[in-house]
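Chemist: Contents of coords.txt (compact mmCIF, C-alpha atoms) are given next:
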# COMPACT_ATOMS: atom_id res chain seq x y z
CA MET K 73 8.17 -14.37 -11.72
CA GLY K 74 9.46 -13.22 -15.14
CA ILE K 75 6.84 -10.48 -15.30
CA THR K 76 7.78 -9.28 -11.81
CA VAL K 77 11.46 -9.00 -12.80
CA ILE K 78 10.63 -7.11 -16.00
CA GLN K 79 8.41 -4.71 -14.04
CA ILE K 80 11.17 -4.09 -11.49
CA GLY K 81 13.45 -3.37 -14.47
CA GLY K 82 10.93 -0.78 -15.65
CA LEU K 83 10.89 0.85 -12.20
CA TYR K 84 14.69 0.89 -12.29
CA VAL K 85 14.62 2.75 -15.61
CA LEU K 86 12.35 5.39 -14.04
CA TYR K 87 14.79 5.67 -11.15
CA ILE K 88 17.69 6.25 -13.60
CA ILE K 89 15.64 8.90 -15.44
CA GLY K 90 14.84 10.56 -12.10
CA SER K 91 18.53 10.63 -11.16
CA LEU K 92 19.41 12.14 -14.55
CA ILE K 93 16.80 14.87 -14.11
CA GLN K 94 18.17 15.58 -10.63
CA ARG K 95 21.71 15.96 -11.96
CA LEU K 96 20.66 18.10 -14.89
CA LEU K 97 18.48 20.50 -12.89
CA HIS K 98 20.54 20.47 -9.65
CA VAL K 99 17.39 20.15 -7.50
CA PRO K 100 17.92 19.13 -3.86
CA ILE K 101 15.40 16.26 -4.20
CA PRO K 102 16.83 12.72 -4.67
CA GLY K 103 16.45 11.01 -8.06
CA SER K 104 14.34 8.24 -6.58
CA VAL K 105 11.72 10.72 -5.37
CA ILE K 106 11.68 12.42 -8.79
CA GLY K 107 11.20 8.96 -10.34
CA MET K 108 8.28 8.37 -7.98
CA LEU K 109 6.63 11.65 -8.95
CA LEU K 110 7.22 10.74 -12.60
CA LEU K 111 5.53 7.34 -12.25
CA PHE K 112 2.66 8.95 -10.31
CA PHE K 113 2.19 11.38 -13.18
CA LEU K 114 2.29 8.55 -15.76
CA LEU K 115 -0.32 6.59 -13.80
CA MET K 116 -2.58 9.62 -13.38
CA THR K 117 -2.50 10.44 -17.08
CA GLY K 118 -3.11 6.79 -18.00
CA ILE K 119 0.09 6.55 -20.05
CA VAL K 120 1.17 3.71 -17.76
CA LYS K 121 -1.49 1.22 -16.65
CA GLU K 122 -1.59 0.13 -13.03
CA LYS K 123 -1.17 -3.56 -13.95
CA TRP K 124 2.06 -2.83 -15.86
CA VAL K 125 3.84 -2.06 -12.62
CA ALA K 126 1.66 -3.60 -9.88
CA ARG K 127 3.46 -6.93 -9.46
CA GLY K 128 6.97 -5.52 -9.45
CA ALA K 129 6.01 -2.63 -7.18
CA ASN K 130 4.24 -4.85 -4.67
CA MET K 131 7.19 -7.26 -4.64
CA LEU K 132 9.63 -4.44 -3.78
CA LEU K 133 7.31 -2.75 -1.28
CA SER K 134 6.48 -5.91 0.65
CA HIS K 135 10.23 -6.39 1.29
CA LEU K 136 11.17 -2.74 1.77
CA THR K 137 12.63 -3.52 5.20
CA LEU K 138 15.11 -5.99 3.65
CA LEU K 139 16.43 -3.29 1.32
CA PHE K 140 17.25 -1.02 4.25
CA ILE K 141 19.35 -3.60 6.13
CA PRO K 142 22.72 -2.94 4.39
CA ALA K 143 22.33 0.78 5.16
CA THR K 144 21.47 0.23 8.83
CA VAL K 145 24.38 -2.23 9.23
CA GLY K 146 26.59 0.79 8.39
CA VAL K 147 26.04 1.89 11.99
CA MET K 148 28.72 -0.72 12.90
CA ASP K 149 31.46 1.66 11.77
CA TYR K 150 30.26 4.18 14.37
CA VAL K 151 30.13 2.01 17.50
CA GLU K 152 31.86 4.76 19.45
CA LEU K 153 28.56 6.67 19.21
CA PHE K 154 26.99 4.20 21.60
CA SER K 155 29.68 4.47 24.26
CA GLY K 156 30.98 7.44 26.23
CA LYS K 157 29.85 10.94 25.33
CA GLY K 158 28.59 9.93 21.89
CA ILE K 159 25.54 8.36 23.48
CA TRP K 160 24.11 11.85 24.10
CA SER K 161 23.79 12.41 20.37
CA VAL K 162 21.73 9.22 20.16
CA VAL K 163 19.57 10.46 23.06
CA VAL K 164 18.99 13.73 21.19
CA VAL K 165 17.91 11.86 18.04
CA VAL K 166 15.55 9.63 20.00
CA ILE K 167 13.88 12.51 21.89
CA SER K 168 13.54 14.65 18.78
CA THR K 169 12.08 11.72 16.78
CA THR K 170 9.50 11.12 19.51
CA ILE K 171 8.49 14.79 19.50
CA VAL K 172 8.05 14.84 15.70
CA MET K 173 6.09 11.58 15.66
CA PHE K 174 3.81 12.83 18.44
CA PHE K 175 3.05 16.26 16.97
CA VAL K 176 2.65 15.20 13.35
CA GLY K 177 0.50 12.24 14.43
CA LEU K 178 -1.67 14.52 16.56
CA ILE K 179 -2.11 17.14 13.82
CA GLY K 180 -2.93 14.38 11.30
CA GLN K 181 -5.44 12.79 13.65
CA TRP K 182 -7.09 16.14 14.40
CA ALA K 183 -7.29 17.04 10.69
CA GLN K 184 -8.85 13.72 9.73
CA THR K 185 -11.55 13.83 12.44
CA ARG K 186 -12.37 17.43 11.55
CA GLU K 187 -12.59 16.66 7.84
CA GLN K 188 -14.82 13.64 8.47
CA LYS K 189 -17.16 15.67 10.70
CA ARG K 190 -17.40 18.33 8.03
CA GLN K 191 -18.30 15.76 5.41
CA MET K 192 -20.91 14.18 7.69
CA ARG K 193 -22.52 17.59 8.15
CA GLU K 194 -22.57 18.11 4.40
CA VAL K 195 -24.27 14.76 3.90
CA LYS K 196 -26.89 15.63 6.54
CA GLY K 197 -27.42 19.08 5.09
CA ALA K 198 -27.97 17.75 1.55
CA MET Z 97 32.32 -14.61 -3.14
CA ILE Z 98 32.17 -13.52 0.51
CA GLY Z 99 29.89 -10.65 -0.57
CA ILE Z 100 27.40 -12.95 -2.28
CA SER Z 101 27.26 -15.41 0.63
CA LEU Z 102 26.66 -12.53 3.03
CA LEU Z 103 23.91 -11.26 0.72
CA VAL Z 104 22.20 -14.66 0.88
CA TRP Z 105 22.72 -14.69 4.65
CA THR Z 106 21.13 -11.22 4.92
CA ILE Z 107 18.02 -12.45 3.11
CA PHE Z 108 17.90 -15.55 5.30
CA VAL Z 109 18.28 -13.50 8.51
CA TYR Z 110 15.55 -11.10 7.34
CA MET Z 111 13.13 -13.97 6.64
CA ALA Z 112 13.86 -15.56 10.03
CA MET Z 113 13.46 -12.25 11.89
CA ARG Z 114 10.15 -11.62 10.12
CA LYS Z 115 8.92 -15.03 11.33
CA LEU Z 116 10.10 -14.24 14.85
CA TYR Z 117 8.28 -10.91 14.83
CA ALA Z 118 5.07 -12.43 13.45
CA ARG Z 119 5.20 -14.94 16.30
CA PHE Z 120 5.78 -12.57 19.23
CA TYR Z 121 4.84 -9.14 17.88
CA PHE Z 122 6.95 -7.31 20.46
CA PRO Z 123 8.19 -3.78 19.53
CA LEU Z 124 11.84 -4.52 20.33
CA LEU Z 125 11.72 -7.35 17.79
CA VAL Z 126 10.90 -5.29 14.66
CA PRO Z 127 12.77 -7.01 11.79
CA ILE Z 128 14.81 -3.93 10.85
CA ALA Z 129 16.33 -3.82 14.35
CA THR Z 130 16.85 -7.54 14.94
CA SER Z 131 18.22 -8.16 11.43
CA THR Z 132 20.68 -5.27 11.83
CA VAL Z 133 21.91 -6.61 15.16
CA VAL Z 134 22.27 -10.19 13.87
CA MET Z 135 24.16 -8.94 10.80
CA ILE Z 136 26.54 -6.76 12.83
CA VAL Z 137 27.22 -9.67 15.22
CA THR Z 138 27.84 -12.00 12.25
CA LEU Z 139 30.28 -9.57 10.64
CA SER Z 140 32.12 -9.03 13.94
CA ILE Z 141 32.44 -12.76 14.62
CA PHE Z 142 33.89 -13.45 11.16
CA ARG Z 143 35.89 -10.21 11.20
CA VAL Z 144 34.35 -8.96 7.98
CA SER Z 145 34.51 -5.19 7.43
CA TYR Z 146 31.48 -3.16 6.38
CA GLU Z 147 33.22 -2.46 3.08
CA GLN Z 148 33.59 -6.20 2.37
CA TYR Z 149 29.96 -6.77 3.34
CA MET Z 150 28.81 -4.08 0.93
CA THR Z 151 30.33 -5.89 -2.08
CA GLY Z 152 27.25 -8.10 -1.73
CA GLY Z 153 25.00 -5.72 0.23
CA LYS Z 154 25.12 -3.10 -2.54
CA TRP Z 155 22.73 -5.23 -4.62
CA LEU Z 156 19.99 -4.62 -2.07
CA VAL Z 157 20.87 -0.92 -1.95
CA HIS Z 158 20.50 -0.80 -5.75
CA LEU Z 159 16.89 -1.93 -5.34
CA LEU Z 160 16.13 0.88 -2.90
CA GLY Z 161 15.87 3.43 -5.76
CA PRO Z 162 13.24 1.50 -7.75
CA ALA Z 163 11.45 0.70 -4.45
CA VAL Z 164 11.03 4.41 -3.77
CA VAL Z 165 9.73 4.80 -7.35
CA ALA Z 166 7.28 1.95 -6.60
CA LEU Z 167 5.74 4.04 -3.81
CA ALA Z 168 3.90 5.85 -6.62
CA LEU Z 169 1.56 2.84 -6.76
CA PRO Z 170 0.01 3.17 -3.25
CA LEU Z 171 0.02 6.93 -3.88
CA TYR Z 172 -2.02 6.38 -7.04
CA GLN Z 173 -4.35 3.83 -5.45
CA HIS Z 174 -5.16 6.21 -2.60
CA ARG Z 175 -5.22 9.40 -4.65
CA HIS Z 176 -8.75 10.26 -3.49
CA THR Z 177 -7.79 10.09 0.18
CA LEU Z 178 -4.71 12.17 -0.52
CA LYS Z 179 -6.64 14.80 -2.40
CA GLN Z 180 -9.12 15.00 0.44
CA PHE Z 181 -6.36 15.52 3.01
CA LEU Z 182 -3.84 17.47 0.96
CA TRP Z 183 -3.91 20.61 3.11
CA PRO Z 184 -3.75 18.89 6.50
CA LEU Z 185 -0.87 16.78 5.16
CA LEU Z 186 1.00 19.82 3.87
CA CYS Z 187 0.56 21.65 7.19
CA SER Z 188 1.41 18.74 9.48
CA THR Z 189 4.57 17.76 7.57
CA PHE Z 190 5.67 21.38 7.28
CA PHE Z 191 5.44 21.87 11.04
CA GLY Z 192 6.82 18.37 11.58
CA THR Z 193 9.93 19.20 9.57
CA MET Z 194 10.40 22.47 11.47
CA ILE Z 195 9.89 20.76 14.84
CA GLY Z 196 12.23 17.92 13.83
CA MET Z 197 15.10 20.12 12.74
CA GLY Z 198 14.52 22.76 15.42
CA SER Z 199 14.32 20.31 18.33
CA GLY Z 200 17.34 18.41 17.00
CA LEU Z 201 19.34 21.64 16.82
CA LEU Z 202 18.25 22.93 20.24
CA LEU Z 203 18.73 19.63 22.07
CA ALA Z 204 22.11 19.04 20.45
CA ARG Z 205 23.25 22.51 21.55
CA LEU Z 206 21.80 21.90 25.02
CA PHE Z 207 23.90 18.73 25.35
CA HIS Z 208 26.98 20.66 24.13
CA LEU Z 209 27.65 18.31 21.24
CA PRO Z 210 30.48 19.23 18.84
CA GLU Z 211 29.36 21.58 16.07
CA GLN Z 212 29.89 19.04 13.25
CA VAL Z 213 27.79 16.49 15.13
CA VAL Z 214 25.05 19.11 15.68
CA ARG Z 215 24.95 19.79 11.95
CA SER Z 216 24.80 16.08 11.16
CA ILE Z 217 21.87 15.55 13.54
CA ILE Z 218 19.63 18.29 12.06
CA PRO Z 219 18.46 16.39 8.93
CA LYS Z 220 17.86 13.07 10.78
CA SER Z 221 14.11 12.88 10.02
CA VAL Z 222 14.45 12.82 6.23
CA THR Z 223 15.28 9.99 3.85
CA SER Z 224 19.03 9.25 3.82
CA PRO Z 225 20.03 10.47 0.31
CA VAL Z 226 18.45 13.87 1.05
CA ALA Z 227 19.80 13.96 4.62
CA MET Z 228 23.33 13.33 3.33
CA ASP Z 229 23.00 16.12 0.78
CA ILE Z 230 21.70 18.50 3.44
CA ALA Z 231 24.53 17.58 5.82
CA LYS Z 232 27.07 18.33 3.09
CA LEU Z 233 25.38 21.66 2.41
CA ILE Z 234 25.51 22.82 6.05
CA ASP Z 235 29.02 21.51 6.84
CA GLY Z 236 27.96 18.39 8.73
CA ILE Z 237 29.37 14.90 8.08
CA PRO Z 238 27.22 13.05 5.48
CA THR Z 239 28.00 9.48 6.67
CA LEU Z 240 27.32 10.46 10.27
CA ALA Z 241 24.04 12.07 9.16
CA ALA Z 242 23.09 8.75 7.52
CA VAL Z 243 23.75 6.97 10.83
CA TYR Z 244 21.41 9.33 12.71
CA VAL Z 245 18.82 8.88 9.97
CA MET Z 246 18.99 5.11 10.56
CA ILE Z 247 18.65 5.56 14.34
CA ALA Z 248 15.60 7.83 13.87
CA GLY Z 249 14.13 5.23 11.46
CA ILE Z 250 14.68 2.18 13.64
CA PHE Z 251 13.53 3.94 16.80
CA GLY Z 252 10.35 5.14 15.07
CA ALA Z 253 9.56 1.69 13.68
CA MET Z 254 10.09 0.17 17.14
CA PHE Z 255 8.17 2.57 19.32
CA GLY Z 256 5.97 4.61 16.95
CA PRO Z 257 3.01 2.19 17.17
CA SER Z 258 3.16 2.14 20.99
CA LEU Z 259 3.33 5.94 21.08
CA PHE Z 260 0.24 6.16 18.85
CA ARG Z 261 -1.60 3.71 21.08
CA MET Z 262 -0.62 5.61 24.20
CA PHE Z 263 -2.03 8.90 22.85
CA ARG Z 264 -4.98 7.25 21.08
CA ILE Z 265 -3.80 8.23 17.59
CA THR Z 266 -5.72 5.70 15.54
CA THR Z 267 -6.59 7.32 12.20
CA ALA Z 268 -4.71 6.52 9.00
CA LEU Z 269 -3.75 10.16 8.59
CA GLY Z 270 -2.33 10.41 12.13
CA ILE Z 271 -0.34 7.17 11.99
CA GLY Z 272 0.81 7.54 8.38
CA SER Z 273 1.98 11.13 8.57
CA GLY Z 274 3.65 10.61 11.96
CA LEU Z 275 5.66 7.63 10.74
CA GLY Z 276 6.62 9.23 7.43
CA ALA Z 277 7.60 12.61 8.85
CA ALA Z 278 9.65 11.26 11.77
CA SER Z 279 11.07 8.01 10.37
CA HIS Z 280 11.10 8.41 6.54
CA GLY Z 281 11.48 5.15 4.54
CA ILE Z 282 11.86 2.85 7.52
CA GLY Z 283 8.72 4.40 9.01
CA THR Z 284 6.97 3.88 5.68
CA ALA Z 285 8.02 0.21 5.66
CA LYS Z 286 6.45 -0.04 9.12
CA ALA Z 287 3.31 1.76 7.89
CA LEU Z 288 3.00 -0.85 5.13
CA GLU Z 289 2.64 -3.49 7.86
CA ILE Z 290 -0.26 -1.53 9.34
CA GLY Z 291 -2.09 -0.86 6.07
CA LYS Z 292 -1.84 0.33 2.46
CA LYS Z 293 -3.62 3.58 3.23
CA GLU Z 294 -1.23 4.39 6.09
CA ALA Z 295 1.69 3.58 3.78
CA ALA Z 296 0.43 5.87 1.02
CA ILE Z 297 0.08 8.75 3.50
CA SER Z 298 3.44 7.93 5.05
CA SER Z 299 5.21 8.03 1.68
CA VAL Z 300 3.64 11.41 0.93
CA ALA Z 301 4.69 12.71 4.36
CA MET Z 302 8.21 11.39 3.78
CA THR Z 303 8.46 13.06 0.37
CA LEU Z 304 7.06 16.35 1.60
CA SER Z 305 9.38 16.49 4.60
CA ALA Z 306 12.37 15.76 2.33
CA ILE Z 307 11.37 18.71 0.15
CA PHE Z 308 10.63 21.02 3.09
CA ALA Z 309 13.85 20.06 4.86
CA SER Z 310 16.04 20.80 1.87
CA LEU Z 311 14.39 24.20 1.51
CA LEU Z 312 14.29 25.11 5.22
CA CYS Z 313 17.58 23.76 6.49
CA PRO Z 314 19.89 26.48 5.12
CA LEU Z 315 17.50 29.07 6.58
CA LEU Z 316 17.42 27.43 10.01
CA LEU Z 317 21.16 27.79 10.47
CA LEU Z 318 21.03 31.50 9.80
CA LEU Z 319 19.22 31.91 13.13
Show me, as structure tokens, the structure contained in the file I just sent.
Modeler:
Amino acid sequence: MGITVIQIGGLYVLYIIGSLIQRLLHVPIPGSVIGMLLLFFLLMTGIVKEKWVARGANMLLSHLTLLFIPATVGVMDYVELFSGKGIWSVVVVVISTTIVMFFVGLIGQWAQTREQKRQMREVKGA
Amino acid sequence: MIGISLLVWTIFVYMAMRKLYARFYFPLLVPIATSTVVMIVTLSIFRVSYEQYMTGGKWLVHLLGPAVVALALPLYQHRHTLKQFLWPLLCSTFFGTMIGMGSGLLLARLFHLPEQVVRSIIPKSVTSPVAMDIAKLIDGIPTLAAVYVMIAGIFGAMFGPSLFRMFRITTALGIGSGLGAASHGIGTAKALEIGKKEAAISSVAMTLSAIFASLLCPLLLLL
């Protein structure tokens, strides 16, 4: 448990560094995403070992849904969106989300099958 | 004091809703949706404002930053898959971001929504901190944008898997990129339930669409 907490602390430090970089460079990417790219870089170069962060990271990721709850509860201040004319904006969001999910999913699926076929051919050809 | 007890209650509700979902596995019962509803009902019954709730709830929000950083781990563990599919991922999320913002804009105009609402809907498919920044940039309302982001996230987590089943989208790349590009972090949390590989792809798709959206959005409104 202690190790997990320390590792989460380490991830928090990377998040702070990411936010600082974001503020200094004025990039439109959130600090957390910069922190993620930073940790990815540190793992790739071997400066940070996988086991130094694994327990903390897995702890946070397995309860990611919990961390989103306070943000989603914020919808309560906009109840008027779900009644009267506001509902149409929700309809728009739902339709548009479905379209994105469908197209991106389809392109992803198509790309993966194509790539796998190509690799199979290469194996046969070799 | 009220904040801390509501924080504990949030964790309890989340645990209970997870159990419920594991038992019935019905799309309408995804924990993010049921927990949100139970929390809103609780707050209404006890007449607690969102602001009061957040005195405790903010501790969970604080962990969201490091959790996004932690996504580097599945990214690292699946680096070979990602390298193999880098181009398809770049293309699908690029078009996904365009389709997401374009269809949001067109549909919102079609329904004659007020201009500020239209501009708050456009960034709905990207992770909330980025969506709020984009909304500010294009004269939308940041908090309203965050609400639409949450709706896109919850809806995707609820019905994404059924949509994939309906159209026989079964590969990790299809599922992962679809969830990440349409439903950002909440979609990625859902992808984690399906598999680590799906989650790694989903977090890449989410990151890429956040980057693409912040670059493309100002251009889109020039049209």
Chemist: Set out as a Markdown table a contact list for chain K and chain Z with a cut-off of 6 Å, giving each residue of chain K that qualifies its closest atom pair and distance in Å to one decimal, counting all atoms listed in the file, ordered by chain and rising residue number.
Modeler:
| residue | atom | partner | partner_atom | distance |
| --- | --- | --- | --- | --- |
| K:Leu83 | CA | Z:Pro162 | CA | 5.1 |
| K:Tyr84 | CA | Z:Pro162 | CA | 4.8 |
| K:Tyr87 | CA | Z:Pro162 | CA | 5.6 |
| K:Ser104 | CA | Z:Gly161 | CA | 5.1 |
| K:Gly107 | CA | Z:Val165 | CA | 5.3 |
| K:Met108 | CA | Z:Val165 | CA | 3.9 |
| K:Phe112 | CA | Z:Ala168 | CA | 5.0 |
| K:Ala129 | CA | Z:Ala166 | CA | 4.8 |
| K:Leu132 | CA | Z:Ala163 | CA | 5.5 |
| K:Leu136 | CA | Z:Ala285 | CA | 5.8 |
| K:Thr137 | CA | Z:Ala285 | CA | 5.9 |
| K:Leu139 | CA | Z:Leu156 | CA | 5.1 |
| K:Pro142 | CA | Z:Gly153 | CA | 5.5 |
| K:Thr144 | CA | Z:Met246 | CA | 5.7 |
| K:Val145 | CA | Z:Thr132 | CA | 5.4 |
| K:Val147 | CA | Z:Val243 | CA | 5.7 |
| K:Val164 | CA | Z:Leu203 | CA | 6.0 |
| K:Ser168 | CA | Z:Gly200 | CA | 5.6 |
| K:Thr169 | CA | Z:Ala278 | CA | 5.6 |
| K:Val172 | CA | Z:Gly196 | CA | 5.5 |
| K:Met173 | CA | Z:Gly274 | CA | 4.5 |
| K:Val176 | CA | Z:Gly274 | CA | 4.9 |
| K:Gly177 | CA | Z:Gly270 | CA | 4.1 |
| K:Ile179 | CA | Z:Ser188 | CA | 5.8 |
| K:Gly180 | CA | Z:Gly270 | CA | 4.1 |
| K:Gln181 | CA | Z:Gly270 | CA | 4.2 |
| K:Ala183 | CA | Z:Pro184 | CA | 5.8 |
Chemist: Just how far from CA of Leu124 (chain Z) is CA of Val144 (chain Z), in Å to one decimal?
Modeler: 26.1 Å
Chemist: Rank nothing, just name the residue among Z:His280, Z:Arg215, Z:Lys293, Z:Arg261 nearest to Cys313 (chain Z), using all atoms listed in the file.
Modeler: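 Checking each candidate against Cys313 (chain Z), we get Z:Arg215 as the closest.
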Chemist: As an exercise, work out the distance from CA of Lys292 (chain Z) to CA of Leu133 (chain K) in Å and give it to one decimal place.
Modeler: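 We find that CA of Lys292 (chain Z) and CA of Leu133 (chain K) lie 10.4 Å from each other.
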Chemist: Generate the missing atoms of region 104-117 of chain K up to N, CA, C and O atoms and report them as a compact mmCIF listing (two decimals), in the coordinates of the input.
Modeler:
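File out-v2.txt, as written:
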# COMPACT_ATOMS: atom_id res chain seq x y z
N SER K 104 15.39 9.23 -6.80
CA SER K 104 14.34 8.24 -6.58
C SER K 104 12.98 8.90 -6.36
O SER K 104 11.95 8.42 -6.87
N VAL K 105 12.98 10.01 -5.64
CA VAL K 105 11.72 10.72 -5.37
C VAL K 105 11.19 11.35 -6.67
O VAL K 105 9.99 11.32 -6.94
N ILE K 106 12.11 11.87 -7.49
CA ILE K 106 11.68 12.42 -8.79
C ILE K 106 11.09 11.30 -9.64
O ILE K 106 10.05 11.47 -10.28
N GLY K 107 11.73 10.12 -9.61
CA GLY K 107 11.20 8.96 -10.34
C GLY K 107 9.81 8.59 -9.86
O GLY K 107 8.93 8.25 -10.67
N MET K 108 9.59 8.68 -8.55
CA MET K 108 8.28 8.37 -7.98
C MET K 108 7.23 9.36 -8.48
O MET K 108 6.14 8.96 -8.90
N LEU K 109 7.57 10.63 -8.47
CA LEU K 109 6.63 11.65 -8.95
C LEU K 109 6.32 11.43 -10.44
O LEU K 109 5.19 11.58 -10.88
N LEU K 110 7.37 11.01 -11.17
CA LEU K 110 7.22 10.74 -12.60
C LEU K 110 6.24 9.59 -12.84
O LEU K 110 5.31 9.69 -13.66
N LEU K 111 6.42 8.49 -12.10
CA LEU K 111 5.53 7.34 -12.25
C LEU K 111 4.10 7.70 -11.83
O LEU K 111 3.13 7.30 -12.48
N PHE K 112 3.97 8.50 -10.76
CA PHE K 112 2.66 8.95 -10.31
C PHE K 112 1.96 9.73 -11.43
O PHE K 112 0.79 9.50 -11.74
N PHE K 113 2.71 10.60 -12.07
CA PHE K 113 2.19 11.38 -13.18
C PHE K 113 1.76 10.46 -14.33
O PHE K 113 0.67 10.62 -14.89
N LEU K 114 2.60 9.48 -14.67
CA LEU K 114 2.29 8.55 -15.76
C LEU K 114 1.04 7.73 -15.46
O LEU K 114 0.24 7.44 -16.35
N LEU K 115 0.86 7.36 -14.19
CA LEU K 115 -0.32 6.59 -13.80
C LEU K 115 -1.57 7.47 -13.86
O LEU K 115 -2.63 7.04 -14.33
N MET K 116 -1.45 8.70 -13.40
CA MET K 116 -2.58 9.62 -13.38
C MET K 116 -3.07 9.93 -14.79
O MET K 116 -4.27 10.04 -15.03
N THR K 117 -2.13 10.09 -15.71
CA THR K 117 -2.50 10.44 -17.08
C THR K 117 -2.90 9.20 -17.89
O THR K 117 -3.34 9.31 -19.02
